[in-house]
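Enquirer: Have a look at this one before I ask anything.
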Amino acid sequence: MGERSGSTGALRTLSGKARLAGVLGWPVAHSLSPRLHGYWLQAYGIDGAYVPLPIRPEDFKDCVRALPRIGFAGVNVTVPHKEAALAAADHRDAWAERVGAANTLIFDVGGRIEATNTDAFGFLENLRAAISGWTATAGPAVVLGAGGAARAVVAALIEAGAPEVRLVNRTPARAKAVAAHIGGPTLVVSWEERSEALAGAALLVNTTVLGMTGKPALDLALESLPSTAVVNDIVYVPLETPLLKTAAKRGNRVVDGLGMLLHQARPGFAAWFGVEPRVTPELRAHVLETMNR
Ligand code: ATR
């Protein structure tokens with residue numbers, strides 16, 4: 001069966017053996033994950049379902065414990081549950097420990113909860129897919145922000161061999177905490193020096209909310225950034241942020257944030273449904289279409 005045939009083929013309904021997964025969040029209505037996993041389930045003709053699960057913070061622990069008992073293969077976890085998911089797990093892999101949060105839970109046959117974090121994987125895979133020959137070893141990276149997304153990005157870059165990661169955040173204490181937790185060649189730079197920090201960089205990543213629709217603009221002069229540098233914005237609403245627009249205009253290669261979301265979903269889907277899914281232009285178009293609705 002071709003990847004597109006599911007969307008045009010015969011009516012497909014669940015059997016009694018259907019595999020179950022979903023996403024826990026509060027709220028969860030904004031999540032793109034049901035559309036994303038739903039596309040793959042359809043495309044690969046899988047007998048399974050991926051559902052949104054709106055769970056209040058105070059109910060998280062009870063609910064997550066109940067899921068393996070009611071037949072779920074695993075779940076994604078989003079805001080505000082990522083730290084609670086790590087705490088609730090029976091086992092945490094190195095990525096979950098390094099990032100300090102879990103976004104993917106896999107339940108084994110005995111109902112034990114295995115926690116992982118696939119954001120770092122998604123970040124690296126997105127850059128590798130978007131820029132042929134991209135490698136973290138090419139030179140220093142500048143990361144703006146020190147929230148959960150920044151932790152995953154910094155952990156990914158260090159693991160992938162970046163020679164230096166310059167961490168720039170409005171609140172320096174948060175950047176210092178990230179650098180101390182992840183270790184490696186991380187360097188904390190003050191927010192005031194953010195433009196100077198771009199000198200000699202091979203990669204610039206924005207993990208702050210600045211530039212997102214409804215948030216303040218990112219005020220960053222790009223003059224010091226080499227034209228050979230790659231610029232990646234984690235923000236994907238809008239898809240082409242003002243940072244990416246300005247960077248592209250001056251000749252930098254740019255990568256938008258939607259790809260990281262698509263790639264981070266791959267390991268969970270493979271674990272729950274037994275198929276390694278692909279990120280294709282059709283999947284991207286499908287998710288974009290649902291975003292614009
Ligand atoms: P996430 O976990 O999704 O990465 P977060 O923890 O809310 O989100 O982090 C948001 C990031 O945007 C932080 O680095 C935050 O900086 P602070 O640590 O100083 O709060 C950054 N951010 C938000 N508003 C900002 C602003 N007006 N100027 C500079 N940075 C801002």
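Naming scheme: A, B, ... for chains in displayed order of the structure tokens; residues 1 onward per chain; ligands 1 onward as shown.
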As a PyMOL selection string, please: every residue in range 35-284 of chain A that DSSP puts in strand (DSSP E).

Expert: chain A and resi 48-54+72-77+91-92+104-107+113-116+141-144+165-169+186-190+203-206+230-233+253-255

Enquirer: Can you list every residue of chain A that has an atom at most 7 Å from ligand 1, with its nearest atom pair and the distance in Å to one decimal, using only C-alpha atoms and all ligand atoms, ordered by chain then number, as CSV?

Expert:
residue,atom,partner,partner_atom_place_in_ligand_line,distance
A:Leu144,CA,ligand 1,14 (O),6.9
A:Gly145,CA,ligand 1,14 (O),3.3
A:Ala146,CA,ligand 1,14 (O),4.1
A:Gly147,CA,ligand 1,6 (O),3.4
A:Gly148,CA,ligand 1,2 (O),3.5
A:Ala149,CA,ligand 1,4 (O),4.0
A:Ala150,CA,ligand 1,4 (O),5.7
A:Asn169,CA,ligand 1,14 (O),5.5
A:Arg170,CA,ligand 1,19 (O),3.9
A:Thr171,CA,ligand 1,19 (O),3.8
A:Arg174,CA,ligand 1,18 (O),5.7
A:Thr207,CA,ligand 1,4 (O),6.0
A:Thr208,CA,ligand 1,12 (O),3.4
A:Val209,CA,ligand 1,12 (O),4.7
A:Leu210,CA,ligand 1,25 (C),6.1
A:Pro216,CA,ligand 1,27 (N),6.2

Enquirer: Pick out the closest residue to His286 in chain A from this set: A:Gly22, A:Gly38, A:Gly16, A:Gly211. Count only C-alpha atoms.

Expert: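 The answer is A:Gly38, which sits nearest to His286 in chain A.
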
Enquirer: Please identify which residues in range 17-232 of chain A DSSP calls helix (DSSP H, G or I) from the backbone, and express them as a PyMOL selection string.

Expert: chain A and resi 33-43+57-69+82-88+94-99+119-130+136-138+148-159+172-182+191-193+196-198

Enquirer: Since we have the selection now, will you write its residues out, keeping C-alpha atoms, as a compact mmCIF listing (two decimals), in the first residue's frame?

Expert:
# COMPACT_ATOMS: atom_id res chain seq x y z
CA SER A 33 0.32 15.68 17.33
CA PRO A 34 -3.07 13.98 16.71
CA ARG A 35 -3.05 15.30 13.10
CA LEU A 36 0.56 14.29 12.63
CA HIS A 37 0.26 10.73 13.99
CA GLY A 38 -3.19 10.38 12.42
CA TYR A 39 -1.65 11.09 9.03
CA TRP A 40 0.94 8.34 9.49
CA LEU A 41 -1.65 5.83 10.79
CA GLN A 42 -3.71 6.47 7.67
CA ALA A 43 -0.72 6.52 5.30
CA PRO A 57 -1.92 18.65 36.40
CA GLU A 58 -3.39 17.28 39.65
CA ASP A 59 -4.65 14.16 37.81
CA PHE A 60 -1.50 13.50 35.80
CA LYS A 61 0.09 10.86 38.02
CA ASP A 62 -3.07 8.74 38.41
CA CYS A 63 -3.93 9.00 34.72
CA VAL A 64 -0.48 8.13 33.41
CA ARG A 65 -0.33 5.07 35.71
CA ALA A 66 -3.73 3.92 34.44
CA LEU A 67 -2.84 4.14 30.73
CA PRO A 68 -0.79 0.92 30.42
CA ARG A 69 -3.51 -0.90 32.39
CA LYS A 82 6.98 17.10 30.80
CA GLU A 83 8.78 17.23 34.17
CA ALA A 84 6.02 15.25 35.92
CA ALA A 85 6.31 12.60 33.20
CA LEU A 86 9.99 12.20 33.95
CA ALA A 87 9.24 11.82 37.67
CA ALA A 88 6.41 9.32 37.09
CA ALA A 94 19.96 9.25 28.81
CA TRP A 95 18.14 11.84 26.67
CA ALA A 96 15.33 12.29 29.21
CA GLU A 97 17.90 12.66 32.01
CA ARG A 98 20.03 15.08 30.04
CA VAL A 99 17.11 17.30 29.03
CA ASP A 119 13.27 16.78 21.00
CA ALA A 120 17.06 16.59 20.64
CA PHE A 121 16.70 13.85 18.00
CA GLY A 122 14.04 15.94 16.21
CA PHE A 123 16.24 19.02 16.25
CA LEU A 124 19.27 17.21 14.75
CA GLU A 125 17.26 15.23 12.19
CA ASN A 126 15.51 18.40 11.02
CA LEU A 127 18.82 20.18 10.37
CA ARG A 128 20.30 17.10 8.67
CA ALA A 129 17.23 16.75 6.43
CA ALA A 130 17.06 20.46 5.57
CA ALA A 136 27.31 20.16 14.49
CA THR A 137 31.10 19.90 14.35
CA ALA A 138 31.29 22.72 11.73
CA GLY A 148 12.88 23.33 27.89
CA ALA A 149 13.45 23.62 24.14
CA ALA A 150 16.90 25.15 24.73
CA ARG A 151 17.88 22.24 26.98
CA ALA A 152 17.10 19.76 24.22
CA VAL A 153 18.91 21.83 21.59
CA VAL A 154 22.04 22.33 23.73
CA ALA A 155 22.12 18.65 24.73
CA ALA A 156 21.79 17.66 21.05
CA LEU A 157 24.56 19.99 19.90
CA ILE A 158 27.00 18.87 22.59
CA GLU A 159 26.25 15.20 21.93
CA PRO A 172 21.40 34.61 33.05
CA ALA A 173 20.70 32.30 36.00
CA ARG A 174 18.58 30.06 33.77
CA ALA A 175 21.34 29.87 31.13
CA LYS A 176 23.87 29.03 33.85
CA ALA A 177 21.60 26.25 35.14
CA VAL A 178 21.31 24.74 31.64
CA ALA A 179 25.08 24.94 31.10
CA ALA A 180 25.76 23.33 34.50
CA HIS A 181 23.24 20.52 33.89
CA ILE A 182 24.41 19.64 30.38
CA TRP A 191 21.57 39.04 26.66
CA GLU A 192 23.12 42.49 26.06
CA GLU A 193 25.98 40.84 24.15
CA GLU A 196 28.47 40.19 19.37
CA ALA A 197 28.08 36.51 20.30
CA LEU A 198 27.31 35.73 16.65

Enquirer: I'd like the neighbourhood of Val23 in chain A as a ChimeraX atom specification, where a residue qualifies if any of its atoms comes within 8 Å (using only C-alpha atoms), though same-chain residues fewer than 3 positions away should be ignored.

Expert: /A:28,33-34,50-53,75-78

Enquirer: Considering only C-alpha atoms, can you say which of A:Val142, A:Pro238, A:Ile46, A:Leu20 comes closest to Arg194 in chain A?

Expert: A:Val142

Enquirer: Which polymer residues have any atom within 12 Å of an atom of Lys17 in chain A, counting only C-alpha atoms, with same-chain residues fewer than 2 positions away left out, as a ChimeraX atom specification?

Expert: /A:13-15,19-20,46-49,71-73,273

Enquirer: Quick check, in Å to one decimal: how far apart do CA of Leu244 in chain A and CA of Thr213 in chain A lie?

Expert: 14.0 Å

Enquirer: As an exercise, work out the distance from CA of Ala202 in chain A to CA of Lys215 in chain A in Å and give it to one decimal place.

Expert: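 Spanning CA of Ala202 in chain A to CA of Lys215 in chain A is a straight-line distance of 26.9 Å.
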